[in-house]
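Heads up: the structure comes next, in structure tokens.
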Amino acid sequence: MLYFLIPAGILLALMLLYILSLRPRLSQRERLEPYKGRFIAHRGFFNNTDTPENSMAAFRSAKERGYGIELDVQITADGKLCVFHDKTLKRMCGAKRTLTKLTYKELLEYPLLETGERIPLFKDVLEMIDGAVPLVVEIKANGEYIRTARLTDKLLRDYEGDFCIESFHPMVLRWFKKHSPRIIRGQLSTNHVKDNKKEPLIGRFILTNLLTNFIAAPDFIAYNKIYKDQFSLRLCKKLYKPATAAWTVRSKEELEEALEYFDFFIFDSFEPDGKAENKRS
């Protein structure tokens, strides 16, 4: 009899641990209301010709249209928080330079896609947006990412407007949980196994299945919309009902599919409706 009871007990304990590991923070749900049903312009409303992504022009364009704004922050060699997605300048500036190894003065030498736009400082973006639309601030895990988190928190303390942070790195969220719990935080994820991410297989499995939620305690989950049926994501939604964001929606057809499942929508490459009020019916 014990032969059968012990494995069953272990299995039950593992199932319980699995369920508990998915648990997000549940106490701040009402603070995500400004995001529900909203369209969030991925890296601003850009076309990567005359309006490059993560540029002041792209952010102004999104603000004018009433879209929320998603942007990426990383820290320069001289401790400036700037808005840029990639690790290197190659794609956007045509230079084989690593952003975190350059000072901000050096960054200004490189235009974005040969336009008049330069990589902006985060503080200047905040000043320009001035609370007009909700912000989603992705903290890139490049360089000294805890220092990036600390500086992001400092700059957001006096910002009057709706904002949240998100990151793929659970330890970034963990830092905010410990040092700045007032800030709404989101766990970015995807199917790291199918996407062939560079992490070790066990790490890819853990991140795909949101098994660090008990450490990071995210307020929302931002998941790659093509993997919306991933089991742990579905179970987390079923058990705990966290807010969820779809990334990245790139057509009206993809948006129609995402509307049935997610609460807000990070988009680029098309315009959802061009209206300032982007609420689901």
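The chains in the structure tokens are called A, B, ... from first to last as shown; in each chain the residues are counted from 1, and the ligands are counted from 1 in the order shown.
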
Worksheet entry | Residue set, segment 190-267 of chain A restricted to helix (DSSP H, G or I), as a PyMOL selection string | chain A and resi 201-208+213-216+225-227+231-240+252-259

Worksheet item: Got a sec: who's within 10 Å of Glu117 of chain A, counting only C-alpha atoms, leaving out chain neighbours fewer than 4 positions off, as a list of chain:residue names?
Response: A:Asp50, A:Thr51, A:Pro52, A:Glu53, A:Asn54, A:Ser55, A:Met56, A:Ala57, A:Ala58, A:Leu108, A:Tyr110, A:Pro111, A:Leu112, A:Leu113

Fill in: For Glu64 of chain A, the nearest of the candidates A:Gly44, A:Ser167, A:Ser269, A:Asp78, counting only C-alpha atoms
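Under the stated criterion, the closest residue is A:Gly44.
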
Discussion item. Need the shell around Leu235 of chain A: protein/DNA/RNA residues with any atom at most 10 Å away, counting only C-alpha atoms. Skip same-chain ones fewer than 6 positions apart. Format as an MDAnalysis selection string?
Written reply: chainID A and resid 19 22 209 229 241

Practice prompt. Would you mind reading off the distance between atom CA of Ala77 of chain A and atom CA of Val172 of chain A, one decimal, in Å?
Written response: 19.3 Å

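As for atom CA of Cys164 of chain A and atom CA of Leu135 of chain A, they are spaced 6.4 Å apart.
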
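Here atom CA of Ser251 of chain A and atom CA of Asn47 of chain A stand 14.2 Å from one another.
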
Worksheet item: Mind checking DSSP for segment 116-258 of chain A and telling me the strand (DSSP E) residues as a list in words?
Response: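 DSSP-assigned strand (DSSP E) residues in segment 116-258 of chain A: Leu135, Val136, Val137, Glu138, Ile139, Phe163, Cys164, Ile165, Glu166, Ser167, Arg185, Gly186, Gln187, Leu188, Ser189, Phe220, Ile221, Ala222, Tyr223, Asn224, Ala243, Thr244, Ala245, Ala246, Trp247, Thr248 and Val249 of chain A.
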
Worksheet entry | Which of A:Phe45, A:Ser232, A:Ile226, A:Arg185 sits closest to Pro272 of chain A [using only C-alpha atoms] |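 Using only C-alpha atoms, Pro272 of chain A sits closest to A:Phe45.
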
Discussion item. For Glu144 of chain A, find every residue with an atom within 9 Å (counting only C-alpha atoms), except residues of its own chain fewer than 5 positions away, and show them as JSON, numbers by chain.
Written reply: {"A": [74, 75, 100, 149]}

Worksheet item: Which is closer to Arg31 of chain A than all the others in A:Phe214, A:Phe163, A:Phe59, A:Phe122, using only C-alpha atoms?
Response: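 Answer, going by the shortest atom-to-atom distance: A:Phe163.
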
Worksheet item: Near Ile266 of chain A, counting only C-alpha atoms, which residues have an atom at most 6 Å away, once you skip same-chain residues fewer than 2 positions from it, shown as a PyMOL selection string?
Response: chain A and resi 40-42+246-248
